[in-house]
Number of protein chains: 2
Amino acid sequence: MWLLYQFPLCPFSRKLRILLAEKGVGYEPRRESPWLRRDEFLQMNPAGQTPVMVNSERPAALPMIDSMAICEYFEETVDKASMLGGTSADRAEIRRLVTWFDTFFYRDITAPLLKERMEKRLVLRESPDAGRLREAMKAAVAHLDYTDYLLDNRKWIAGSTISLADLAAAAQISIADYLGGIDWKSHETTKRWYVGMKSRPSFRPLLAERMEVVSPHADYEKLDL
Amino acid sequence: MWLLYQFPLCPFSRKLRILLAEKGVGYEPRRESPWLRRDEFLQMNPAGQTPVMVNSERPAALPMIDSMAICEYFEETVDKASMLGGTSADRAEIRRLVTWFDTFFYRDITAPLLKERMEKRLVLRESPDAGRLREAMKAAVAHLDYTDYLLDNRKWIAGSTISLADLAAAAQISIADYLGGIDWKSHETTKRWYVGMKSRPSFRPLLAERMEVVSPHADYEKLDL
């Protein structure tokens, strides 16, 4: 059995969980709060980040660490629902856009929202910084302009078929949306694509999960935004 | 002909250039200073980062962006000198460690050194912040303790054969070393491995390159540290 260490608002775990559901790979989620820096978790992953996957039947095997490395592993080992399809050039474009969302969208939007609206409430017991929230929401507008541009020219984020780039984008956007960082008006193209992603059986169950203390806005789960 | 947009102290371009040399892929380096945010470059790569690779014979093809995406492309298309070998689990460990160096070593060590010792001199015309330099050098000690630990248990960074993880590690460490951020004493294991990396024909020519205004320390190119 695969054990998956994660928490409900971890965008990297969410991307991986959508992939596992698409591929029909079963796993047991294990709640991990990386901000607690639990010794046993740091021993598994010195970087201290979720997700981490462990095969409970192979205790001698190395834990799998880093969401992209884990996604590549399941792409290589499970044929069903390939999310890195096409030519090598197509895959380069998919991987570029996964990095785009995992690195830049996360840095500019998801990370500051998690810091201000989750960590400050849960751990630091401080009020959020209104200036940093405004900056993150401004960055979200620029990022959704870019996804609008991509989706005006392609059916899916990285090309003509769904790929890991769509999963990475939907994962980051959904956490930012949970935390009230997305203003959907004037982003019709991305909204239409996102409603499609939300209605996938791989994704819908994740939208029902809640993080203690932090609630999403009223329309977060809705399919007709 | 492949064109490679980069600058001499870009650790991500350096990792890619070592890979291309190992594989015998020719390219024409094009000097790009990402901090200038040149319009034509931002049009190619909205993330504004090096490296970017373009095939001059296929102007309609998308530019290739993100060093890991580009490395995966050449792994897939050029058999020679595989740097992502072994089983899928072996590859997961290689990719984890590439992320370790590209993300954490870069964030804690290479990025602050580049900011304080290159960007402040070249662009901002300010003096470096001694506190931030001390922090980066302290982080380097902790990171080299980790590479010592890895190399005490394995022949190469990610396992029994050389891989992209060694290239990523050597690229980051060499830029940090150029900028005076590495204290080699009490890191014999990593030093021995690094001397081996330095003497590879794929790597040696890069050590002769210089960045204007910023010079490396006297032992930077030496093979007997």
# chains A, B, ... in the order shown; residues from 1 in each chain; ligands from 1
call {"tool": "residues_around", "arguments": {"residues": "Tyr220 (chain B)", "least_positions_apart": "4", "cutoff": "10 Å", "atoms": "only C-alpha atoms", "output": "number ranges by chain"}}
result
B: 174-175, 177-180, 207-208, 215-216, 225
call {"tool": "write_last_selection", "arguments": {"atoms": "all heavy atoms", "output": "mmCIF file, in the first residue's frame"}}
result
data_model
loop_
_atom_site.group_PDB
_atom_site.id
_atom_site.type_symbol
_atom_site.label_atom_id
_atom_site.label_comp_id
_atom_site.auth_asym_id
_atom_site.auth_seq_id
_atom_site.Cartn_x
_atom_site.Cartn_y
_atom_site.Cartn_z
ATOM 1 N N SER B 174 29.831 24.927 -7.998
ATOM 2 C CA SER B 174 30.892 25.659 -8.700
ATOM 3 C C SER B 174 30.598 27.160 -8.756
ATOM 4 O O SER B 174 31.514 27.973 -8.659
ATOM 5 C CB SER B 174 31.115 25.091 -10.105
ATOM 6 O OG SER B 174 30.030 25.399 -10.956
ATOM 7 N N ILE B 175 29.325 27.533 -8.896
ATOM 8 C CA ILE B 175 28.994 28.966 -8.900
ATOM 9 C C ILE B 175 29.189 29.536 -7.490
ATOM 10 O O ILE B 175 29.764 30.621 -7.312
ATOM 11 C CB ILE B 175 27.542 29.216 -9.384
ATOM 12 C CG1 ILE B 175 27.309 28.627 -10.784
ATOM 13 C CG2 ILE B 175 27.234 30.714 -9.368
ATOM 14 C CD1 ILE B 175 28.089 29.240 -11.899
ATOM 15 N N ASP B 177 31.259 28.427 -5.328
ATOM 16 C CA ASP B 177 32.707 28.451 -5.128
ATOM 17 C C ASP B 177 33.328 29.654 -5.848
ATOM 18 O O ASP B 177 34.168 30.361 -5.287
ATOM 19 C CB ASP B 177 33.295 27.131 -5.639
ATOM 20 C CG ASP B 177 34.761 26.962 -5.259
ATOM 21 O OD1 ASP B 177 35.138 27.390 -4.147
ATOM 22 O OD2 ASP B 177 35.533 26.413 -6.073
ATOM 23 N N TYR B 178 32.887 29.910 -7.087
ATOM 24 C CA TYR B 178 33.352 31.076 -7.848
ATOM 25 C C TYR B 178 33.153 32.349 -7.006
ATOM 26 O O TYR B 178 33.994 33.230 -6.958
ATOM 27 C CB TYR B 178 32.565 31.173 -9.155
ATOM 28 C CG TYR B 178 32.995 32.271 -10.123
ATOM 29 C CD1 TYR B 178 33.630 31.936 -11.323
ATOM 30 C CD2 TYR B 178 32.733 33.614 -9.876
ATOM 31 C CE1 TYR B 178 34.002 32.921 -12.235
ATOM 32 C CE2 TYR B 178 33.104 34.607 -10.770
ATOM 33 C CZ TYR B 178 33.740 34.260 -11.953
ATOM 34 O OH TYR B 178 34.102 35.228 -12.861
ATOM 35 N N LEU B 179 32.019 32.417 -6.332
ATOM 36 C CA LEU B 179 31.648 33.621 -5.582
ATOM 37 C C LEU B 179 32.166 33.599 -4.142
ATOM 38 O O LEU B 179 31.757 34.408 -3.310
ATOM 39 C CB LEU B 179 30.126 33.797 -5.611
ATOM 40 C CG LEU B 179 29.546 34.073 -7.017
ATOM 41 C CD1 LEU B 179 28.026 33.898 -7.010
ATOM 42 C CD2 LEU B 179 29.916 35.478 -7.506
ATOM 43 N N GLY B 180 33.083 32.651 -3.851
ATOM 44 C CA GLY B 180 33.726 32.630 -2.534
ATOM 45 C C GLY B 180 32.844 32.137 -1.399
ATOM 46 O O GLY B 180 33.100 32.443 -0.229
ATOM 47 N N LEU B 207 34.929 26.169 -16.450
ATOM 48 C CA LEU B 207 35.642 26.780 -15.327
ATOM 49 C C LEU B 207 36.552 27.913 -15.777
ATOM 50 O O LEU B 207 36.965 28.754 -14.973
ATOM 51 C CB LEU B 207 36.471 25.719 -14.586
ATOM 52 C CG LEU B 207 35.661 24.651 -13.842
ATOM 53 C CD1 LEU B 207 36.561 23.510 -13.401
ATOM 54 C CD2 LEU B 207 34.955 25.261 -12.632
ATOM 55 N N ALA B 208 36.869 27.958 -17.070
ATOM 56 C CA ALA B 208 37.736 29.030 -17.590
ATOM 57 C C ALA B 208 36.943 30.300 -17.889
ATOM 58 O O ALA B 208 37.525 31.362 -18.111
ATOM 59 C CB ALA B 208 38.437 28.541 -18.863
ATOM 60 N N SER B 215 35.470 38.467 -10.098
ATOM 61 C CA SER B 215 36.500 37.441 -10.330
ATOM 62 C C SER B 215 36.390 36.339 -9.288
ATOM 63 O O SER B 215 36.015 36.600 -8.146
ATOM 64 C CB SER B 215 37.894 38.064 -10.239
ATOM 65 O OG SER B 215 38.022 39.071 -11.215
ATOM 66 N N PRO B 216 36.767 35.129 -9.684
ATOM 67 C CA PRO B 216 36.739 34.040 -8.700
ATOM 68 C C PRO B 216 37.987 34.082 -7.824
ATOM 69 O O PRO B 216 38.947 34.780 -8.138
ATOM 70 C CB PRO B 216 36.744 32.792 -9.573
ATOM 71 C CG PRO B 216 37.485 33.196 -10.798
ATOM 72 C CD PRO B 216 37.200 34.656 -11.018
ATOM 73 N N LEU B 225 42.791 21.029 -4.805
ATOM 74 C CA LEU B 225 42.288 22.108 -3.927
ATOM 75 C C LEU B 225 43.163 22.286 -2.685
ATOM 76 O O LEU B 225 43.464 21.321 -2.007
ATOM 77 C CB LEU B 225 40.870 21.768 -3.472
ATOM 78 C CG LEU B 225 39.773 22.028 -4.489
ATOM 79 C CD1 LEU B 225 38.489 21.341 -4.035
ATOM 80 C CD2 LEU B 225 39.503 23.505 -4.665
#
call {"tool": "residues_around", "arguments": {"residues": "Arg30 (chain B)", "least_positions_apart": "6", "cutoff": "12 Å", "atoms": "only C-alpha atoms", "output": "PDB file with all heavy atoms, in the first residue's frame"}}
result
ATOM      1  N   TRP B   2      21.506  24.534 -32.409  1.00  0.00           N
ATOM      2  CA  TRP B   2      20.879  24.944 -31.158  1.00  0.00           C
ATOM      3  C   TRP B   2      21.513  26.240 -30.662  1.00  0.00           C
ATOM      4  O   TRP B   2      22.733  26.354 -30.612  1.00  0.00           O
ATOM      5  CB  TRP B   2      21.075  23.879 -30.078  1.00  0.00           C
ATOM      6  CG  TRP B   2      20.254  22.653 -30.263  1.00  0.00           C
ATOM      7  CD1 TRP B   2      20.696  21.431 -30.666  1.00  0.00           C
ATOM      8  CD2 TRP B   2      18.853  22.523 -30.030  1.00  0.00           C
ATOM      9  NE1 TRP B   2      19.646  20.545 -30.708  1.00  0.00           N
ATOM     10  CE2 TRP B   2      18.500  21.182 -30.320  1.00  0.00           C
ATOM     11  CE3 TRP B   2      17.853  23.405 -29.614  1.00  0.00           C
ATOM     12  CZ2 TRP B   2      17.198  20.703 -30.205  1.00  0.00           C
ATOM     13  CZ3 TRP B   2      16.557  22.925 -29.501  1.00  0.00           C
ATOM     14  CH2 TRP B   2      16.231  21.601 -29.789  1.00  0.00           C
ATOM     15  N   LEU B   3      20.680  27.198 -30.301  1.00  0.00           N
ATOM     16  CA  LEU B   3      21.157  28.412 -29.644  1.00  0.00           C
ATOM     17  C   LEU B   3      20.800  28.296 -28.165  1.00  0.00           C
ATOM     18  O   LEU B   3      19.676  27.919 -27.831  1.00  0.00           O
ATOM     19  CB  LEU B   3      20.465  29.648 -30.229  1.00  0.00           C
ATOM     20  CG  LEU B   3      20.512  29.784 -31.753  1.00  0.00           C
ATOM     21  CD1 LEU B   3      19.777  31.052 -32.183  1.00  0.00           C
ATOM     22  CD2 LEU B   3      21.961  29.801 -32.246  1.00  0.00           C
ATOM     23  N   LEU B   4      21.765  28.608 -27.302  1.00  0.00           N
ATOM     24  CA  LEU B   4      21.528  28.502 -25.864  1.00  0.00           C
ATOM     25  C   LEU B   4      21.729  29.860 -25.205  1.00  0.00           C
ATOM     26  O   LEU B   4      22.841  30.384 -25.172  1.00  0.00           O
ATOM     27  CB  LEU B   4      22.490  27.464 -25.259  1.00  0.00           C
ATOM     28  CG  LEU B   4      22.581  27.373 -23.734  1.00  0.00           C
ATOM     29  CD1 LEU B   4      21.221  27.142 -23.103  1.00  0.00           C
ATOM     30  CD2 LEU B   4      23.528  26.257 -23.333  1.00  0.00           C
ATOM     31  N   TYR B   5      20.630  30.434 -24.707  1.00  0.00           N
ATOM     32  CA  TYR B   5      20.685  31.735 -24.028  1.00  0.00           C
ATOM     33  C   TYR B   5      21.092  31.513 -22.584  1.00  0.00           C
ATOM     34  O   TYR B   5      20.407  30.788 -21.860  1.00  0.00           O
ATOM     35  CB  TYR B   5      19.320  32.429 -24.122  1.00  0.00           C
ATOM     36  CG  TYR B   5      18.986  32.832 -25.532  1.00  0.00           C
ATOM     37  CD1 TYR B   5      18.467  31.904 -26.432  1.00  0.00           C
ATOM     38  CD2 TYR B   5      19.224  34.124 -25.987  1.00  0.00           C
ATOM     39  CE1 TYR B   5      18.194  32.243 -27.750  1.00  0.00           C
ATOM     40  CE2 TYR B   5      18.948  34.485 -27.306  1.00  0.00           C
ATOM     41  CZ  TYR B   5      18.436  33.544 -28.174  1.00  0.00           C
ATOM     42  OH  TYR B   5      18.169  33.894 -29.476  1.00  0.00           O
ATOM     43  N   GLN B   6      22.186  32.146 -22.174  1.00  0.00           N
ATOM     44  CA  GLN B   6      22.741  31.918 -20.831  1.00  0.00           C
ATOM     45  C   GLN B   6      23.716  33.024 -20.462  1.00  0.00           C
ATOM     46  O   GLN B   6      24.019  33.870 -21.278  1.00  0.00           O
ATOM     47  CB  GLN B   6      23.442  30.557 -20.818  1.00  0.00           C
ATOM     48  CG  GLN B   6      24.541  30.403 -21.862  1.00  0.00           C
ATOM     49  CD  GLN B   6      25.902  30.869 -21.406  1.00  0.00           C
ATOM     50  OE1 GLN B   6      26.341  30.570 -20.308  1.00  0.00           O
ATOM     51  NE2 GLN B   6      26.589  31.634 -22.255  1.00  0.00           N
ATOM     52  N   PHE B   7      24.180  33.005 -19.199  1.00  0.00           N
ATOM     53  CA  PHE B   7      25.293  33.870 -18.790  1.00  0.00           C
ATOM     54  C   PHE B   7      26.241  33.045 -17.937  1.00  0.00           C
ATOM     55  O   PHE B   7      25.843  32.004 -17.392  1.00  0.00           O
ATOM     56  CB  PHE B   7      24.785  35.141 -18.083  1.00  0.00           C
ATOM     57  CG  PHE B   7      24.124  34.920 -16.751  1.00  0.00           C
ATOM     58  CD1 PHE B   7      24.834  35.072 -15.564  1.00  0.00           C
ATOM     59  CD2 PHE B   7      22.783  34.565 -16.667  1.00  0.00           C
ATOM     60  CE1 PHE B   7      24.229  34.869 -14.325  1.00  0.00           C
ATOM     61  CE2 PHE B   7      22.159  34.354 -15.437  1.00  0.00           C
ATOM     62  CZ  PHE B   7      22.887  34.500 -14.271  1.00  0.00           C
ATOM     63  N   PRO B   8      27.525  33.486 -17.816  1.00  0.00           N
ATOM     64  CA  PRO B   8      28.556  32.599 -17.244  1.00  0.00           C
ATOM     65  C   PRO B   8      28.263  32.082 -15.841  1.00  0.00           C
ATOM     66  O   PRO B   8      28.685  30.988 -15.506  1.00  0.00           O
ATOM     67  CB  PRO B   8      29.815  33.483 -17.232  1.00  0.00           C
ATOM     68  CG  PRO B   8      29.578  34.529 -18.257  1.00  0.00           C
ATOM     69  CD  PRO B   8      28.104  34.754 -18.319  1.00  0.00           C
ATOM     70  N   SER B  13      22.031  26.998 -16.382  1.00  0.00           N
ATOM     71  CA  SER B  13      22.636  26.863 -17.706  1.00  0.00           C
ATOM     72  C   SER B  13      23.877  25.976 -17.616  1.00  0.00           C
ATOM     73  O   SER B  13      24.151  25.179 -18.515  1.00  0.00           O
ATOM     74  CB  SER B  13      23.035  28.233 -18.252  1.00  0.00           C
ATOM     75  OG  SER B  13      21.934  29.115 -18.273  1.00  0.00           O
ATOM     76  N   PHE B  41      13.685  38.730 -25.152  1.00  0.00           N
ATOM     77  CA  PHE B  41      13.892  37.546 -24.319  1.00  0.00           C
ATOM     78  C   PHE B  41      12.618  37.205 -23.543  1.00  0.00           C
ATOM     79  O   PHE B  41      12.218  36.034 -23.467  1.00  0.00           O
ATOM     80  CB  PHE B  41      15.075  37.769 -23.366  1.00  0.00           C
ATOM     81  CG  PHE B  41      15.432  36.531 -22.563  1.00  0.00           C
ATOM     82  CD1 PHE B  41      15.880  35.378 -23.203  1.00  0.00           C
ATOM     83  CD2 PHE B  41      15.292  36.512 -21.184  1.00  0.00           C
ATOM     84  CE1 PHE B  41      16.184  34.231 -22.471  1.00  0.00           C
ATOM     85  CE2 PHE B  41      15.599  35.368 -20.445  1.00  0.00           C
ATOM     86  CZ  PHE B  41      16.043  34.230 -21.092  1.00  0.00           C
ATOM     87  N   THR B  50      17.142  32.263 -17.580  1.00  0.00           N
ATOM     88  CA  THR B  50      17.992  31.398 -18.393  1.00  0.00           C
ATOM     89  C   THR B  50      18.058  30.033 -17.716  1.00  0.00           C
ATOM     90  O   THR B  50      17.864  29.945 -16.499  1.00  0.00           O
ATOM     91  CB  THR B  50      19.419  31.987 -18.482  1.00  0.00           C
ATOM     92  OG1 THR B  50      19.849  32.349 -17.168  1.00  0.00           O
ATOM     93  CG2 THR B  50      19.442  33.203 -19.378  1.00  0.00           C
ATOM     94  N   PRO B  51      18.321  28.932 -18.466  1.00  0.00           N
ATOM     95  CA  PRO B  51      18.579  28.882 -19.904  1.00  0.00           C
ATOM     96  C   PRO B  51      17.293  28.776 -20.740  1.00  0.00           C
ATOM     97  O   PRO B  51      16.273  28.298 -20.270  1.00  0.00           O
ATOM     98  CB  PRO B  51      19.361  27.571 -20.036  1.00  0.00           C
ATOM     99  CG  PRO B  51      18.784  26.689 -18.970  1.00  0.00           C
ATOM    100  CD  PRO B  51      18.472  27.615 -17.827  1.00  0.00           C
ATOM    101  N   VAL B  52      17.426  29.237 -21.989  1.00  0.00           N
ATOM    102  CA  VAL B  52      16.401  28.991 -23.015  1.00  0.00           C
ATOM    103  C   VAL B  52      17.136  28.422 -24.221  1.00  0.00           C
ATOM    104  O   VAL B  52      18.229  28.903 -24.549  1.00  0.00           O
ATOM    105  CB  VAL B  52      15.659  30.288 -23.392  1.00  0.00           C
ATOM    106  CG1 VAL B  52      14.801  30.093 -24.622  1.00  0.00           C
ATOM    107  CG2 VAL B  52      14.806  30.790 -22.223  1.00  0.00           C
ATOM    108  N   MET B  53      16.566  27.406 -24.853  1.00  0.00           N
ATOM    109  CA  MET B  53      17.185  26.843 -26.062  1.00  0.00           C
ATOM    110  C   MET B  53      16.237  26.941 -27.248  1.00  0.00           C
ATOM    111  O   MET B  53      15.049  26.666 -27.126  1.00  0.00           O
ATOM    112  CB  MET B  53      17.583  25.386 -25.845  1.00  0.00           C
ATOM    113  CG  MET B  53      18.988  25.270 -25.284  1.00  0.00           C
ATOM    114  SD  MET B  53      19.546  23.564 -25.186  1.00  0.00           S
ATOM    115  CE  MET B  53      20.630  23.475 -26.621  1.00  0.00           C
ATOM    116  N   VAL B  54      16.812  27.330 -28.382  1.00  0.00           N
ATOM    117  CA  VAL B  54      16.034  27.516 -29.593  1.00  0.00           C
ATOM    118  C   VAL B  54      16.761  26.798 -30.711  1.00  0.00           C
ATOM    119  O   VAL B  54      17.986  26.861 -30.798  1.00  0.00           O
ATOM    120  CB  VAL B  54      15.922  29.031 -29.918  1.00  0.00           C
ATOM    121  CG1 VAL B  54      15.269  29.260 -31.256  1.00  0.00           C
ATOM    122  CG2 VAL B  54      15.183  29.766 -28.810  1.00  0.00           C
TER     123      VAL B  54
END
call {"tool": "interface_residues", "arguments": {"of": "chain B", "to": "chain A", "cutoff": "8 Å", "atoms": "only C-alpha atoms", "output": "ChimeraX atom specification"}}
result
/B:47,62,64-66,69-70,72-73,76-77,88-89,91-93,95-96,99-100,104
call {"tool": "write_last_selection", "arguments": {"atoms": "N, CA and C atoms", "output": "mmCIF file, in the first residue's frame"}}
result
data_model
loop_
_atom_site.group_PDB
_atom_site.id
_atom_site.type_symbol
_atom_site.label_atom_id
_atom_site.label_comp_id
_atom_site.auth_asym_id
_atom_site.auth_seq_id
_atom_site.Cartn_x
_atom_site.Cartn_y
_atom_site.Cartn_z
ATOM 1 N N ALA B 47 8.890 33.836 -18.104
ATOM 2 C CA ALA B 47 9.446 33.719 -16.756
ATOM 3 C C ALA B 47 10.755 34.504 -16.635
ATOM 4 N N LEU B 62 8.415 25.804 -30.613
ATOM 5 C CA LEU B 62 8.425 26.559 -29.362
ATOM 6 C C LEU B 62 9.840 26.602 -28.792
ATOM 7 N N MET B 64 12.600 26.150 -25.979
ATOM 8 C CA MET B 64 12.621 25.242 -24.837
ATOM 9 C C MET B 64 13.077 25.999 -23.600
ATOM 10 N N ILE B 65 12.303 25.831 -22.533
ATOM 11 C CA ILE B 65 12.421 26.658 -21.332
ATOM 12 C C ILE B 65 12.404 25.769 -20.102
ATOM 13 N N ASP B 66 13.173 26.166 -19.094
ATOM 14 C CA ASP B 66 13.287 25.461 -17.811
ATOM 15 C C ASP B 66 14.359 24.387 -17.947
ATOM 16 N N ALA B 69 13.317 20.671 -17.766
ATOM 17 C CA ALA B 69 12.539 20.266 -18.950
ATOM 18 C C ALA B 69 13.471 20.057 -20.144
ATOM 19 N N ILE B 70 14.477 20.931 -20.293
ATOM 20 C CA ILE B 70 15.409 20.814 -21.419
ATOM 21 C C ILE B 70 16.302 19.580 -21.236
ATOM 22 N N GLU B 72 15.553 16.844 -19.625
ATOM 23 C CA GLU B 72 14.716 15.661 -19.892
ATOM 24 C C GLU B 72 14.573 15.462 -21.411
ATOM 25 N N TYR B 73 14.442 16.563 -22.147
ATOM 26 C CA TYR B 73 14.330 16.480 -23.605
ATOM 27 C C TYR B 73 15.561 15.802 -24.206
ATOM 28 N N GLU B 76 15.769 12.168 -23.464
ATOM 29 C CA GLU B 76 14.847 11.368 -24.280
ATOM 30 C C GLU B 76 15.319 11.219 -25.727
ATOM 31 N N THR B 77 16.030 12.228 -26.231
ATOM 32 C CA THR B 77 16.331 12.236 -27.668
ATOM 33 C C THR B 77 17.780 11.851 -28.003
ATOM 34 N N SER B 88 12.842 3.003 -12.476
ATOM 35 C CA SER B 88 12.017 4.187 -12.220
ATOM 36 C C SER B 88 12.257 4.727 -10.816
ATOM 37 N N ALA B 89 12.482 3.837 -9.850
ATOM 38 C CA ALA B 89 12.775 4.288 -8.477
ATOM 39 C C ALA B 89 14.126 5.003 -8.423
ATOM 40 N N ARG B 91 15.417 6.653 -10.874
ATOM 41 C CA ARG B 91 15.199 7.963 -11.507
ATOM 42 C C ARG B 91 14.472 8.929 -10.565
ATOM 43 N N ALA B 92 13.572 8.397 -9.739
ATOM 44 C CA ALA B 92 12.887 9.261 -8.757
ATOM 45 C C ALA B 92 13.910 9.863 -7.787
ATOM 46 N N GLU B 93 14.888 9.056 -7.371
ATOM 47 C CA GLU B 93 15.917 9.556 -6.455
ATOM 48 C C GLU B 93 16.814 10.592 -7.160
ATOM 49 N N ARG B 95 15.877 12.546 -9.664
ATOM 50 C CA ARG B 95 15.091 13.782 -9.849
ATOM 51 C C ARG B 95 14.893 14.515 -8.520
ATOM 52 N N ARG B 96 14.691 13.764 -7.426
ATOM 53 C CA ARG B 96 14.586 14.412 -6.117
ATOM 54 C C ARG B 96 15.821 15.251 -5.848
ATOM 55 N N THR B 99 16.140 18.444 -7.900
ATOM 56 C CA THR B 99 15.317 19.485 -7.268
ATOM 57 C C THR B 99 15.991 20.024 -6.010
ATOM 58 N N TRP B 100 16.588 19.116 -5.223
ATOM 59 C CA TRP B 100 17.282 19.558 -4.004
ATOM 60 C C TRP B 100 18.289 20.658 -4.326
ATOM 61 N N PHE B 104 16.711 24.111 -3.352
ATOM 62 C CA PHE B 104 17.108 24.469 -1.989
ATOM 63 C C PHE B 104 18.537 25.007 -1.914
#
call {"tool": "atom_distance", "arguments": {"atom1": "CA of Glu40 (chain A)", "atom2": "CA of Thr190 (chain B)"}}
result
26.2 Å
call {"tool": "select_by_dssp", "arguments": {"residues": "region 48-96 of chain A", "states": "alpha helix (DSSP H)", "output": "list in words"}}
result
Ser67, Met68, Ala69, Ile70, Cys71, Glu72, Tyr73, Phe74, Glu75, Glu76, Thr77, Ser88, Ala89, Asp90, Arg91, Ala92, Glu93, Ile94, Arg95 and Arg96 of chain A
call {"tool": "write_last_selection", "arguments": {"atoms": "N, CA, C and O atoms", "output": "CSV table (one decimal), in the first residue's frame"}}
result
chain,number,residue,atom,x,y,z
A,67,SER,N,7.2,16.4,-5.7
A,67,SER,CA,6.0,16.1,-6.4
A,67,SER,C,6.3,15.7,-7.8
A,67,SER,O,5.7,14.8,-8.4
A,68,MET,N,7.2,16.5,-8.5
A,68,MET,CA,7.4,16.2,-9.9
A,68,MET,C,8.1,14.9,-10.1
A,68,MET,O,7.8,14.1,-11.0
A,69,ALA,N,9.1,14.6,-9.2
A,69,ALA,CA,9.8,13.3,-9.3
A,69,ALA,C,8.8,12.1,-9.1
A,69,ALA,O,8.9,11.1,-9.8
A,70,ILE,N,7.9,12.3,-8.2
A,70,ILE,CA,6.9,11.3,-7.9
A,70,ILE,C,5.9,11.1,-9.1
A,70,ILE,O,5.6,10.0,-9.5
A,71,CYS,N,5.5,12.2,-9.7
A,71,CYS,CA,4.6,12.2,-10.9
A,71,CYS,C,5.3,11.5,-12.0
A,71,CYS,O,4.7,10.7,-12.7
A,72,GLU,N,6.6,11.8,-12.2
A,72,GLU,CA,7.3,11.1,-13.3
A,72,GLU,C,7.4,9.6,-13.1
A,72,GLU,O,7.3,8.8,-14.0
A,73,TYR,N,7.6,9.2,-11.8
A,73,TYR,CA,7.6,7.8,-11.4
A,73,TYR,C,6.3,7.1,-11.9
A,73,TYR,O,6.4,6.1,-12.5
A,74,PHE,N,5.2,7.7,-11.5
A,74,PHE,CA,3.9,7.0,-11.9
A,74,PHE,C,3.6,7.1,-13.4
A,74,PHE,O,3.0,6.3,-13.9
A,75,GLU,N,4.1,8.2,-14.0
A,75,GLU,CA,4.0,8.2,-15.5
A,75,GLU,C,4.8,7.1,-16.1
A,75,GLU,O,4.3,6.5,-17.1
A,76,GLU,N,5.9,6.8,-15.5
A,76,GLU,CA,6.8,5.7,-16.1
A,76,GLU,C,6.2,4.3,-15.8
A,76,GLU,O,6.4,3.4,-16.6
A,77,THR,N,5.6,4.2,-14.6
A,77,THR,CA,5.2,2.8,-14.2
A,77,THR,C,3.7,2.5,-14.4
A,77,THR,O,3.4,1.3,-14.3
A,88,SER,N,8.8,14.4,-27.7
A,88,SER,CA,9.7,14.9,-26.7
A,88,SER,C,9.5,16.4,-26.5
A,88,SER,O,9.6,17.0,-25.5
A,89,ALA,N,9.3,17.1,-27.7
A,89,ALA,CA,9.1,18.5,-27.6
A,89,ALA,C,7.8,18.9,-26.9
A,89,ALA,O,7.7,19.9,-26.2
A,90,ASP,N,6.7,18.1,-27.2
A,90,ASP,CA,5.5,18.3,-26.4
A,90,ASP,C,5.7,18.2,-24.9
A,90,ASP,O,5.2,18.9,-24.1
A,91,ARG,N,6.5,17.1,-24.6
A,91,ARG,CA,6.8,16.9,-23.1
A,91,ARG,C,7.6,18.0,-22.5
A,91,ARG,O,7.4,18.4,-21.4
A,92,ALA,N,8.5,18.6,-23.3
A,92,ALA,CA,9.3,19.8,-22.8
A,92,ALA,C,8.3,20.9,-22.5
A,92,ALA,O,8.5,21.6,-21.5
A,93,GLU,N,7.3,21.1,-23.3
A,93,GLU,CA,6.3,22.2,-23.1
A,93,GLU,C,5.5,21.9,-21.9
A,93,GLU,O,5.2,22.8,-21.1
A,94,ILE,N,5.1,20.6,-21.7
A,94,ILE,CA,4.3,20.2,-20.5
A,94,ILE,C,5.2,20.5,-19.2
A,94,ILE,O,4.7,21.1,-18.3
A,95,ARG,N,6.4,20.0,-19.3
A,95,ARG,CA,7.3,20.2,-18.1
A,95,ARG,C,7.6,21.6,-17.8
A,95,ARG,O,7.6,22.0,-16.6
A,96,ARG,N,7.8,22.5,-18.8
A,96,ARG,CA,8.0,23.9,-18.6
A,96,ARG,C,6.8,24.5,-17.8
A,96,ARG,O,6.9,25.2,-16.9
call {"tool": "atom_distance", "arguments": {"atom1": "CA of His143 (chain A)", "atom2": "CA of Gln43 (chain B)"}}
result
15.3 Å
call {"tool": "closest_atom_pairs", "arguments": {"of": "region 22-99 of chain A", "to": "region 197-204 of chain A", "cutoff": "10 Å", "atoms": "only C-alpha atoms", "output": "CSV"}}
result
residue,atom,partner,partner_atom,distance
A:Glu22,CA,A:Ser202,CA,5.6
A:Lys23,CA,A:Ser202,CA,9.0
A:Gly24,CA,A:Ser202,CA,9.0
call {"tool": "atom_distance", "arguments": {"atom1": "CA of Leu223 (chain A)", "atom2": "CA of Leu133 (chain A)"}}
result
25.6 Å
call {"tool": "residues_around", "arguments": {"residues": "Glu116 (chain B)", "least_positions_apart": "2", "cutoff": "8 Å", "atoms": "only C-alpha atoms", "output": "ChimeraX atom specification"}}
result
/B:112-114,118-121,127-129,132-133
